[in-house]
file coords00.cif (mmCIF, C-alpha atoms)
data_target
loop_
_atom_site.label_atom_id
_atom_site.label_comp_id
_atom_site.auth_asym_id
_atom_site.auth_seq_id
_atom_site.Cartn_x
_atom_site.Cartn_y
_atom_site.Cartn_z
CA MET O 1 0.00 0.00 0.00
CA ILE O 2 1.32 3.44 -0.94
CA THR O 3 1.38 5.96 1.89
CA ALA O 4 2.01 9.69 2.03
CA ARG O 5 5.43 9.10 3.54
CA ASP O 6 6.93 6.97 0.75
CA ASP O 7 9.41 9.80 0.17
CA LEU O 8 11.27 8.49 3.25
CA ARG O 9 12.29 5.39 1.30
CA ARG O 10 14.33 5.45 -1.91
CA THR O 11 15.58 2.44 -3.87
CA PHE O 12 18.32 2.74 -6.49
CA ASP O 13 18.28 -0.10 -9.00
CA ALA O 14 20.89 1.51 -11.27
CA LEU O 15 23.97 2.77 -9.45
CA PRO O 16 26.45 5.37 -10.80
CA ASP O 17 29.48 3.97 -12.58
CA GLY O 18 32.72 3.49 -10.66
CA THR O 19 33.51 2.95 -6.99
CA ARG O 20 35.93 5.81 -6.31
CA ALA O 21 34.24 8.71 -4.55
CA VAL O 22 34.87 11.93 -6.46
CA SER O 23 33.31 14.48 -4.09
CA TRP O 24 34.89 15.53 -0.83
CA TRP O 25 31.78 14.40 1.07
CA GLY O 26 31.82 11.01 -0.69
CA GLN O 27 35.44 10.57 0.35
CA ALA O 28 34.55 11.55 3.93
CA TRP O 29 31.83 8.88 3.88
CA VAL O 30 34.34 6.20 2.84
CA ALA O 31 36.86 7.37 5.46
CA ALA O 32 34.22 6.98 8.19
CA LEU O 33 34.07 3.23 7.49
CA GLU O 34 37.70 2.65 6.55
CA GLY O 35 39.08 4.53 9.56
CA PRO O 36 38.30 1.94 12.25
CA SER O 37 39.38 -0.96 10.01
CA HIS O 38 42.95 -2.27 10.20
CA ASP O 39 42.52 -4.85 7.44
CA ALA O 40 43.60 -3.27 4.17
CA ALA O 41 43.29 -6.59 2.34
CA LEU O 42 39.67 -7.00 3.41
CA LEU O 43 38.85 -3.44 2.26
CA ALA O 44 40.54 -4.16 -1.07
CA ARG O 45 38.35 -7.25 -1.52
CA GLY O 46 35.29 -5.14 -0.74
CA ARG O 47 36.28 -2.65 -3.44
CA THR O 48 36.78 -5.53 -5.89
CA TYR O 49 33.28 -6.80 -5.07
CA ALA O 50 31.94 -3.30 -5.74
CA ASP O 51 33.93 -2.96 -8.99
CA ASP O 52 32.65 -6.34 -10.20
CA GLY O 53 28.99 -5.41 -9.66
CA HIS O 54 28.29 -7.63 -6.65
CA VAL O 55 26.12 -4.95 -4.97
CA ASP O 56 22.45 -5.21 -5.99
CA ALA O 57 19.77 -2.50 -5.63
CA VAL O 58 20.42 -0.11 -2.73
CA THR O 59 17.56 1.02 -0.46
CA VAL O 60 17.91 4.12 1.74
CA THR O 61 15.66 4.95 4.71
CA PRO O 62 16.25 7.16 7.76
CA GLY O 63 19.09 5.62 9.75
CA ARG O 64 20.14 2.85 7.37
CA ILE O 65 21.22 1.91 3.88
CA VAL O 66 20.59 -1.70 2.80
CA ALA O 67 21.53 -3.92 -0.16
CA TYR O 68 22.04 -7.56 -1.01
CA VAL O 69 25.69 -8.24 -1.80
CA ARG O 70 26.67 -11.37 -3.73
CA GLY O 71 29.71 -13.18 -2.38
CA SER O 72 31.22 -16.58 -3.07
CA ARG O 73 28.00 -18.42 -2.19
CA ALA O 74 24.91 -18.67 -4.39
CA ARG O 75 22.69 -16.86 -1.90
CA PRO O 76 23.49 -13.11 -1.48
CA TYR O 77 24.05 -11.60 1.95
CA ARG O 78 21.81 -8.91 3.42
CA THR O 79 24.17 -6.04 4.21
CA GLU O 80 23.43 -2.68 5.82
CA LEU O 81 25.18 0.41 7.15
CA ALA O 82 23.45 2.13 10.06
CA LEU O 83 23.83 5.86 10.74
CA THR O 84 21.94 7.58 13.55
CA ALA O 85 19.20 9.92 12.27
CA LEU O 86 19.24 13.44 13.70
CA ALA O 87 16.76 14.28 16.44
CA PRO O 88 14.02 16.86 15.66
CA GLN O 89 15.81 19.52 17.73
CA GLU O 90 19.08 18.85 15.88
CA TRP O 91 17.29 19.23 12.53
CA ASP O 92 15.65 22.44 13.73
CA GLU O 93 18.99 23.98 14.70
CA LEU O 94 20.70 22.78 11.51
CA LEU O 95 17.96 24.13 9.21
CA GLU O 96 17.92 27.48 11.00
CA ASP O 97 21.67 27.77 10.48
CA MET O 98 21.31 26.77 6.83
CA ALA O 99 18.48 29.24 6.18
CA ALA O 100 20.60 32.04 7.64
CA ASP O 101 23.69 31.14 5.57
CA PRO O 102 23.40 32.06 1.85
CA ALA O 103 26.55 30.09 1.02
CA ALA O 104 25.13 26.93 2.60
CA LEU O 105 21.86 27.36 0.71
CA ALA O 106 23.69 27.93 -2.55
CA ALA O 107 25.74 24.77 -2.02
CA LEU O 108 22.63 22.69 -1.31
CA LEU O 109 20.85 24.01 -4.42
CA GLU O 110 23.94 23.03 -6.43
CA ARG O 111 23.50 19.55 -4.91
CA GLU O 112 26.56 19.79 -2.72
CA VAL O 113 26.91 19.16 1.01
CA PRO O 114 27.41 22.59 2.67
CA ARG O 115 30.92 22.60 4.17
CA ALA O 116 29.85 24.78 7.08
CA LEU O 117 27.38 22.09 8.20
CA ALA O 118 29.33 18.99 7.19
CA GLY O 119 30.32 18.17 10.78
CA ARG O 120 26.67 17.66 11.71
CA LEU O 121 25.69 15.73 8.57
CA LEU O 122 28.61 13.53 7.57
CA PRO O 123 29.55 10.49 9.68
CA GLY O 124 32.78 10.48 11.61
CA ALA O 125 35.10 7.52 12.12
CA GLY O 126 33.06 4.70 13.61
CA ASP O 127 29.66 6.37 13.10
CA LEU O 128 28.78 3.99 10.27
CA VAL O 129 27.80 0.71 11.92
CA PRO O 130 27.91 -2.28 9.52
CA HIS O 131 25.70 -5.35 9.78
CA CYS O 132 25.82 -8.36 7.47
CA SER O 133 24.26 -11.82 7.33
CA CYS O 134 27.59 -13.33 6.22
CA PRO O 135 29.40 -15.79 8.54
CA ASP O 136 32.17 -13.27 9.33
CA PRO O 137 30.41 -10.69 11.57
CA GLY O 138 33.30 -10.50 14.03
CA ARG O 139 35.54 -8.43 11.76
CA PRO O 140 33.56 -5.31 10.91
CA PRO O 141 33.48 -4.09 8.33
CA CYS O 142 33.30 -7.31 6.35
CA LYS O 143 34.06 -7.19 2.62
CA HIS O 144 30.33 -7.06 1.83
CA ALA O 145 29.80 -3.98 4.02
CA ALA O 146 32.90 -2.39 2.50
CA ALA O 147 31.50 -3.03 -1.00
CA LEU O 148 28.21 -1.39 -0.02
CA CYS O 149 30.08 1.59 1.44
CA TYR O 150 32.01 2.20 -1.80
CA ARG O 151 28.85 1.99 -3.93
CA ALA O 152 26.94 4.24 -1.53
CA ALA O 153 29.70 6.84 -1.79
CA ARG O 154 29.00 7.12 -5.51
CA LEU O 155 25.31 7.63 -4.75
CA LEU O 156 26.24 10.49 -2.41
CA ASP O 157 28.49 11.96 -5.12
CA GLU O 158 25.49 12.17 -7.45
CA ASP O 159 22.83 13.15 -4.91
CA PRO O 160 23.75 14.47 -1.45
CA PHE O 161 20.06 14.35 -0.50
CA VAL O 162 20.70 10.63 0.03
CA LEU O 163 22.75 11.70 3.05
CA MET O 164 19.89 13.97 4.21
CA LEU O 165 17.49 11.01 3.99
CA LEU O 166 19.86 8.84 6.01
CA ARG O 167 19.86 11.57 8.64
CA GLY O 168 16.05 11.53 8.69
CA ARG O 169 14.64 14.07 6.20
CA SER O 170 13.41 13.63 2.63
CA GLU O 171 14.39 16.06 -0.11
CA ARG O 172 10.86 17.41 -0.44
CA ASP O 173 10.42 17.97 3.30
CA LEU O 174 13.85 19.55 3.55
CA LEU O 175 13.34 22.05 0.71
CA ASP O 176 9.81 22.91 1.87
CA ASP O 177 11.01 23.52 5.42
CA LEU O 178 13.89 25.68 4.20
CA ALA O 179 11.53 27.72 2.00
CA ARG O 180 9.32 28.44 5.03
CA ARG O 181 12.27 29.43 7.16
CA ASN O 182 13.55 31.70 4.38
CA ALA O 183 10.18 33.40 4.25
CA ALA O 184 10.46 34.05 7.99
CA HIS O 185 13.98 35.45 7.56
CA ALA O 186 12.81 37.67 4.70
CA ALA O 187 9.96 39.00 6.84
CA ARG O 188 12.47 40.13 9.47
CA GLU O 189 14.70 41.93 6.98
CA GLN O 190 14.45 45.69 6.57
CA PRO O 191 12.72 46.84 3.36
CA ALA O 192 14.89 48.36 0.67
CA SER O 193 15.25 52.15 0.68
CA ALA O 194 13.32 54.25 -1.87
CA PRO O 195 15.01 54.66 -5.28
CA GLY O 196 17.25 57.69 -5.60
CA PHE O 197 16.69 58.27 -9.34
CA PRO O 198 13.97 60.55 -10.80
CA GLY O 199 10.59 59.12 -11.72
CA VAL O 200 6.89 58.94 -10.91
CA PRO O 201 4.69 55.91 -10.17
CA ALA O 202 3.18 54.40 -13.32
CA ARG O 203 -0.38 54.81 -12.00
CA GLU O 204 0.23 58.53 -11.40
CA ALA O 205 1.88 58.99 -14.80
CA VAL O 206 -1.17 57.73 -16.76
CA HIS O 207 -3.88 59.22 -14.52
CA ARG O 208 -5.44 62.47 -15.75
CA PRO O 209 -7.18 64.46 -12.98
CA ALA O 210 -10.55 65.95 -13.97
CA HIS O 211 -9.33 69.54 -13.55
CA LEU O 212 -6.33 69.06 -15.86
CA SER O 213 -6.51 68.97 -19.63
CA ALA O 214 -3.14 67.26 -20.03
CA LEU O 215 -0.97 64.78 -18.22
CA PRO O 216 1.84 66.14 -16.02
CA PRO O 217 5.21 66.36 -17.78
CA LEU O 218 7.54 63.42 -17.54
CA PRO O 219 10.85 63.94 -15.68
CA ALA O 220 13.91 64.89 -17.64
CA PRO O 221 15.94 61.96 -19.00
CA LEU O 222 19.10 60.86 -17.25
CA ASP O 223 22.37 62.47 -18.29
CA ALA O 224 24.07 60.81 -21.24
CA PRO O 225 26.97 58.59 -20.22
CA PRO O 226 30.51 59.57 -21.23
CA VAL O 227 31.92 58.40 -24.53
CA GLY O 228 32.74 54.71 -24.45
CA ALA O 229 30.91 51.67 -23.18
CA ALA O 230 27.71 52.77 -21.47
CA PRO O 231 27.31 51.50 -17.92
CA ALA O 232 24.53 49.02 -17.28
CA TYR O 233 21.45 50.87 -16.03
CA PRO O 234 20.90 48.58 -13.02
CA ALA O 235 24.32 49.61 -11.74
CA GLU O 236 23.07 53.17 -11.09
CA PRO O 237 22.57 53.95 -7.38
CA GLY O 238 19.04 53.04 -6.33
CA ALA O 239 18.16 51.47 -9.69
CA PRO O 240 15.86 48.43 -9.82
CA ASP O 241 17.25 44.97 -9.21
CA PRO O 242 18.37 43.54 -12.60
CA LEU O 243 16.92 40.15 -11.68
CA ALA O 244 13.54 41.78 -11.02
CA LEU O 245 13.72 43.56 -14.39
CA ASP O 246 14.54 40.25 -16.06
CA GLN O 247 11.61 38.61 -14.30
CA LEU O 248 9.19 41.32 -15.47
CA ALA O 249 10.47 41.09 -19.04
CA SER O 250 10.10 37.29 -19.03
CA ASP O 251 6.57 37.55 -17.64
CA ALA O 252 5.58 40.14 -20.26
CA SER O 253 6.94 37.87 -22.98
CA ALA O 254 4.97 34.87 -21.67
CA ARG O 255 1.75 36.93 -21.50
CA ALA O 256 2.27 38.20 -25.05
CA HIS O 257 2.80 34.64 -26.28
CA ALA O 258 -0.42 33.51 -24.59
CA LEU O 259 -2.36 36.39 -26.12
CA LEU O 260 -1.08 35.53 -29.60
CA ALA O 261 -1.86 31.84 -29.10
CA ASP O 262 -5.46 32.00 -27.90
CA GLY O 263 -6.37 35.67 -27.47
CA ARG O 264 -6.69 35.39 -23.69
CA ASP O 265 -4.67 37.30 -21.13
CA PRO O 266 -3.55 34.89 -18.35
CA ILE O 267 -3.84 37.62 -15.71
CA ALA O 268 -7.22 39.00 -16.76
CA GLY O 269 -9.51 39.17 -13.76
CA LEU O 270 -6.79 38.47 -11.18
CA SER O 271 -6.65 40.59 -8.06
CA LEU O 272 -3.41 42.30 -7.09
CA TRP O 273 -2.72 39.54 -4.54
CA GLN O 274 -3.50 36.73 -6.97
CA ASP O 275 -1.20 38.23 -9.62
CA ALA O 276 1.58 38.59 -7.04
CA VAL O 277 1.24 34.90 -6.20
CA ARG O 278 1.31 34.03 -9.92
CA LEU O 279 4.53 36.03 -10.40
CA ALA O 280 6.21 34.37 -7.41
CA ALA O 281 5.09 30.89 -8.51
CA ALA O 282 6.71 31.44 -11.92
CA GLN O 283 10.12 31.15 -10.27
CA PRO O 284 11.80 27.70 -10.32
CA PRO O 285 10.75 25.73 -7.18
CA THR O 286 14.24 25.66 -5.65
CA SER O 287 14.89 29.36 -6.34
CA GLY O 288 12.81 30.27 -3.29
CA LEU O 289 15.97 29.66 -1.25
CA ALA O 290 18.03 32.24 -3.19
CA ALA O 291 18.54 35.77 -1.88
CA SER O 292 17.21 37.36 -5.09
CA THR O 293 13.94 35.43 -4.89
CA ARG O 294 13.60 36.20 -1.20
CA ALA O 295 13.84 39.89 -2.13
CA LEU O 296 11.16 39.40 -4.82
CA TYR O 297 8.87 37.71 -2.26
CA ARG O 298 9.43 40.57 0.16
CA GLN O 299 8.62 43.20 -2.48
CA LEU O 300 5.52 41.41 -3.76
CA ALA O 301 4.23 40.86 -0.24
CA ALA O 302 4.76 44.52 0.68
CA ALA O 303 2.94 45.66 -2.47
CA THR O 304 -0.11 43.57 -1.59
CA GLY O 305 -0.21 44.22 2.15
CA ARG O 306 0.56 40.61 2.94
CA SER O 307 3.55 38.94 4.63
CA PRO O 308 6.33 36.96 2.92
CA GLY O 309 5.10 33.98 4.92
CA ASP O 310 1.62 34.34 3.37
CA LEU O 311 3.24 34.43 -0.07
CA ALA O 312 5.47 31.43 0.66
CA ARG O 313 2.37 29.38 1.55
CA ALA O 314 0.34 30.65 -1.42
CA VAL O 315 3.03 29.80 -4.01
CA PRO O 316 2.80 25.97 -3.62
CA ALA O 317 -1.01 26.32 -3.69
CA TRP O 318 -0.75 28.11 -7.07
CA ARG O 319 1.69 25.49 -8.36
CA GLN O 320 -0.75 22.85 -7.15
CA GLY O 321 -3.73 24.13 -9.13
CA GLY O 322 -3.31 27.70 -10.38
CA LEU O 323 -6.00 30.16 -9.35
CA ALA O 324 -8.26 27.26 -8.32
CA GLY O 325 -5.52 25.97 -5.98
CA LEU O 326 -5.13 29.42 -4.41
CA LEU O 327 -8.89 29.67 -3.85
CA VAL O 328 -8.85 26.27 -2.10
CA LEU O 329 -6.10 27.58 0.20
CA GLU O 330 -8.05 30.69 1.18
CA GLU O 331 -11.72 29.73 0.95
CA GLU O 332 -13.91 27.54 3.14
CA TRP O 333 -17.37 26.50 1.95
CA ASP O 334 -20.11 23.98 2.71
CA PRO O 335 -20.20 21.18 0.10
CA PRO O 336 -23.45 19.36 -0.66
CA ALA O 337 -23.99 15.77 0.43
CA GLY O 338 -22.39 13.16 -1.77
CA PRO O 339 -18.67 12.83 -2.62
CA PHE O 340 -17.61 14.70 0.51
CA ASP O 341 -19.55 12.36 2.80
CA ARG O 342 -18.15 9.26 1.07
CA ALA O 343 -14.52 10.39 1.24
CA GLY O 344 -13.95 9.70 4.95
CA PRO O 345 -15.12 6.05 4.86
CA ALA O 346 -13.16 5.47 1.61
CA LEU O 347 -9.96 6.74 3.22
CA ALA O 348 -10.55 4.62 6.33
CA ALA O 349 -11.11 1.53 4.19
CA ALA O 350 -7.72 2.20 2.53
CA GLY O 351 -5.97 2.38 5.91
CA HIS O 352 -5.81 6.17 6.31
CA GLY O 353 -7.30 8.33 9.01
CA PRO O 354 -9.40 8.86 10.91
CA PHE O 355 -10.23 12.21 9.30
CA ARG O 356 -12.54 14.70 11.02
CA PRO O 357 -14.82 16.78 8.75
CA ARG O 358 -15.17 20.57 8.92
CA ARG O 359 -16.97 22.34 6.08
CA ASN O 360 -15.04 21.36 2.89
CA ARG O 361 -12.05 19.94 4.77
CA LEU O 362 -11.10 16.53 6.15
CA SER O 363 -8.28 16.64 8.73
CA SER O 364 -6.07 14.13 10.53
CA PRO O 365 -3.21 14.97 12.92
CA ARG O 366 -0.75 15.16 10.00
CA PHE O 367 -2.72 15.47 6.72
CA GLN O 368 -5.68 17.40 5.39
CA LEU O 369 -7.80 17.13 2.24
CA ARG O 370 -9.77 20.09 0.87
CA LEU O 371 -12.59 19.78 -1.67
CA SER O 372 -12.79 22.49 -4.34
CA ARG O 373 -16.01 23.78 -5.81
CA ASP O 374 -15.26 21.93 -9.05
CA GLY O 375 -15.02 18.56 -7.26
CA LEU O 376 -11.24 18.11 -6.95
CA TRP O 377 -9.43 17.12 -3.74
CA TYR O 378 -6.29 19.03 -2.72
CA ALA O 379 -3.81 17.59 -0.20
CA TYR O 380 -2.16 19.51 2.64
CA GLU O 381 0.29 18.48 5.37
CA SER O 382 1.47 19.85 8.71
CA ASP O 383 3.74 18.88 11.56
CA ARG O 384 1.69 16.62 13.80
CA ASP O 385 -1.06 18.48 15.69
CA GLN O 386 0.32 21.91 14.63
CA GLU O 387 -2.57 22.95 12.33
CA ASP O 388 -0.02 24.65 10.06
CA TRP O 389 -1.23 23.40 6.68
CA TRP O 390 0.92 23.53 3.52
CA PRO O 391 -0.17 22.29 0.07
CA TYR O 392 1.54 19.33 -1.61
CA GLY O 393 0.97 16.97 -4.50
CA SER O 394 -1.56 17.24 -7.33
CA PRO O 395 -5.35 17.62 -7.15
CA SER O 396 -7.52 14.64 -8.02
CA PRO O 397 -11.24 13.77 -8.06
CA ASP O 398 -10.25 10.78 -5.87
CA PRO O 399 -9.30 11.70 -2.27
CA LEU O 400 -6.92 8.73 -1.86
CA THR O 401 -5.04 9.62 -5.04
CA ALA O 402 -4.69 13.24 -3.89
CA LEU O 403 -3.48 12.15 -0.44
CA THR O 404 -0.79 9.83 -1.79
CA SER O 405 0.42 12.10 -4.62
CA HIS O 406 3.85 13.74 -4.49
CA ARG O 407 5.46 16.65 -6.30
#
call {"tool": "encode", "arguments": {"input": "coords00.cif", "output": "structure tokens"}}
result
Amino acid sequence: MITARDDLRRTFDALPDGTRAVSWWGQAWVAALEGPSHDAALLARGRTYADDGHVDAVTVTPGRIVAYVRGSRARPYRTELALTALAPQEWDELLEDMAADPAALAALLEREVPRALAGRLLPGAGDLVPHCSCPDPGRPPCKHAAALCYRAARLLDEDPFVLMLLRGRSERDLLDDLARRNAAHAAREQPASAPGFPGVPAREAVHRPAHLSALPPLPAPLDAPPVGAAPAYPAEPGAPDPLALDQLASDASARAHALLADGRDPIAGLSLWQDAVRLAAAQPPTSGLAASTRALYRQLAAATGRSPGDLARAVPAWRQGGLAGLLVLEEEWDPPAGPFDRAGPALAAAGHGPFRPRRNRLSSPRFQLRLSRDGLWYAYESDRDQEDWWPYGSPSPDPLTALTSHR
């Protein structure tokens, strides 16, 4: 049966080529197992096993990494490496430090282990505890555990989120949590100062008061630059952020393309808040951790009278279902009898729940389902008993499918 926490288990049938760790964190992983061993010959045999493809599919869950390793006998041995998962308080402190450190965030988004936090994530000598069903358990690590260690190092080279999962957090949970913490950090930052270059607000420039027959004059243009290469306009003191200008240009281009394609403006009828959410949701999902996108969130929130935290919660709702997803986030209503009443028993029959009903919402201590006016179910999750609901997954007319969907 599929559950909503299947992201805490990953199985790798195809492993990266080679057995020599190429990243510094992959090499640190290998050293953690090799360090306590004084049998170089045994380690060499383990590497040969790994080179010869004796390690089958690798499964990673919080606290352990498991595979069947084929030795000299016909039946493979069940081999695992155990690594203590971090406690909730340790994760809380680590994520707070990561959210406050732009370099650490940048490293994680580049799929690297942040060096500043490596001491709390990577195992030290003796932290990796091997277990194997082979008849030689008295000489850890055995050659089968060594083979698994070398293959796992290549997995970490390719995807450091494997290490995060071993320590207890899935990639999706980790990035979502960091995005929320970044929103909180952005809310505490001071707003940018007013621009120092001449200009008037666009609304004021095109508005013609009833007592005037003409629009007010535009300000004088900026002085011409000296002869030679003209400086980039965004480099002028107080000028707009070049990334924000690029975002506006890209959005205008996308709207123009939509108008040419079907004659409909994608923002027609949107409120100021809804359009701000649409603009923020157009950013790549992982860019919410970057300083430039944090600044964009802060500016959009200020322009709409909302908080960056409100915007951070609204963005995944928009990505979940567009305007309809945002309405589900913000609107409660009383559905008629029928599909809503049948959803609770159907979920219980599938092994989920119990869910308590309230208007168009079904809630459990960890998950919530919301029914839209067009008959789709939207899934939300929260830390247990916190009532802090965040959207995830894809909407579906079937409540079980919506509950077990993942981004």
call {"tool": "residues_near_point", "arguments": {"input": "coords00.cif", "point": "(26.4, 18.1, 14.0)", "cutoff": "9 Å", "atoms": "all atoms listed in the file", "output": "list in words"}}
result
Leu86, Glu90, Leu94, Leu117, Ala118, Gly119, Arg120, Leu121 and Leu122 of chain O
call {"tool": "closest_residue", "arguments": {"input": "coords00.cif", "among": "O:Arg154, O:Arg70, O:Arg278, O:Arg370", "to": "O:Ala21", "atoms": "all atoms listed in the file"}}
result
O:Arg154
call {"tool": "closest_residue", "arguments": {"input": "coords00.cif", "among": "O:Arg115, O:Leu175, O:Ala249, O:Ala146", "to": "O:His54", "atoms": "only C-alpha atoms"}}
result
O:Ala146
call {"tool": "residues_around", "arguments": {"input": "coords00.cif", "residues": "O:Tyr380", "least_positions_apart": "6", "cutoff": "9 Å", "atoms": "only C-alpha atoms", "output": "compact mmCIF listing (two decimals) with C-alpha atoms, keeping the file's coordinate frame"}}
result
# COMPACT_ATOMS: atom_id res chain seq x y z
CA ARG O 366 -0.75 15.16 10.00
CA PHE O 367 -2.72 15.47 6.72
CA GLN O 368 -5.68 17.40 5.39
CA LEU O 369 -7.80 17.13 2.24
CA ARG O 370 -9.77 20.09 0.87
CA TRP O 389 -1.23 23.40 6.68
CA TRP O 390 0.92 23.53 3.52
CA PRO O 391 -0.17 22.29 0.07
CA TYR O 392 1.54 19.33 -1.61
CA GLY O 393 0.97 16.97 -4.50
CA LEU O 403 -3.48 12.15 -0.44
call {"tool": "resolve_selection", "arguments": {"input": "coords00.cif", "expression": "the PyMOL selection byres ((chain O and resi 312) around 8)", "output": "PyMOL selection string"}}
result
chain O and resi 179-180+183+297+308-311+313-316
call {"tool": "closest_residue", "arguments": {"input": "coords00.cif", "among": "O:Thr404, O:Ala152, O:Asp97, O:Arg45", "to": "O:Leu15", "atoms": "all atoms listed in the file"}}
result
O:Ala152
call {"tool": "closest_residue", "arguments": {"input": "coords00.cif", "among": "O:Asn182, O:Gln27, O:Gln283, O:Ser382", "to": "O:Leu156", "atoms": "all atoms listed in the file"}}
result
O:Gln27
call {"tool": "closest_residue", "arguments": {"input": "coords00.cif", "among": "O:Gly269, O:Gly35, O:Gly168, O:Pro88", "to": "O:Asp127", "atoms": "all atoms listed in the file"}}
result
O:Gly35
call {"tool": "closest_residue", "arguments": {"input": "coords00.cif", "among": "O:Val113, O:Val69, O:Ala100, O:Met164", "to": "O:Ala28", "atoms": "all atoms listed in the file"}}
result
O:Val113
call {"tool": "atom_distance", "arguments": {"input": "coords00.cif", "atom1": "atom CA of O:Leu248", "atom2": "atom CA of O:Gln320"}}
result
22.6 Å
call {"tool": "atom_distance", "arguments": {"input": "coords00.cif", "atom1": "atom CA of O:Asp385", "atom2": "atom CA of O:Leu327"}}
result
23.8 Å
call {"tool": "atom_distance", "arguments": {"input": "coords00.cif", "atom1": "atom CA of O:Phe161", "atom2": "atom CA of O:Gln89"}}
result
19.4 Å
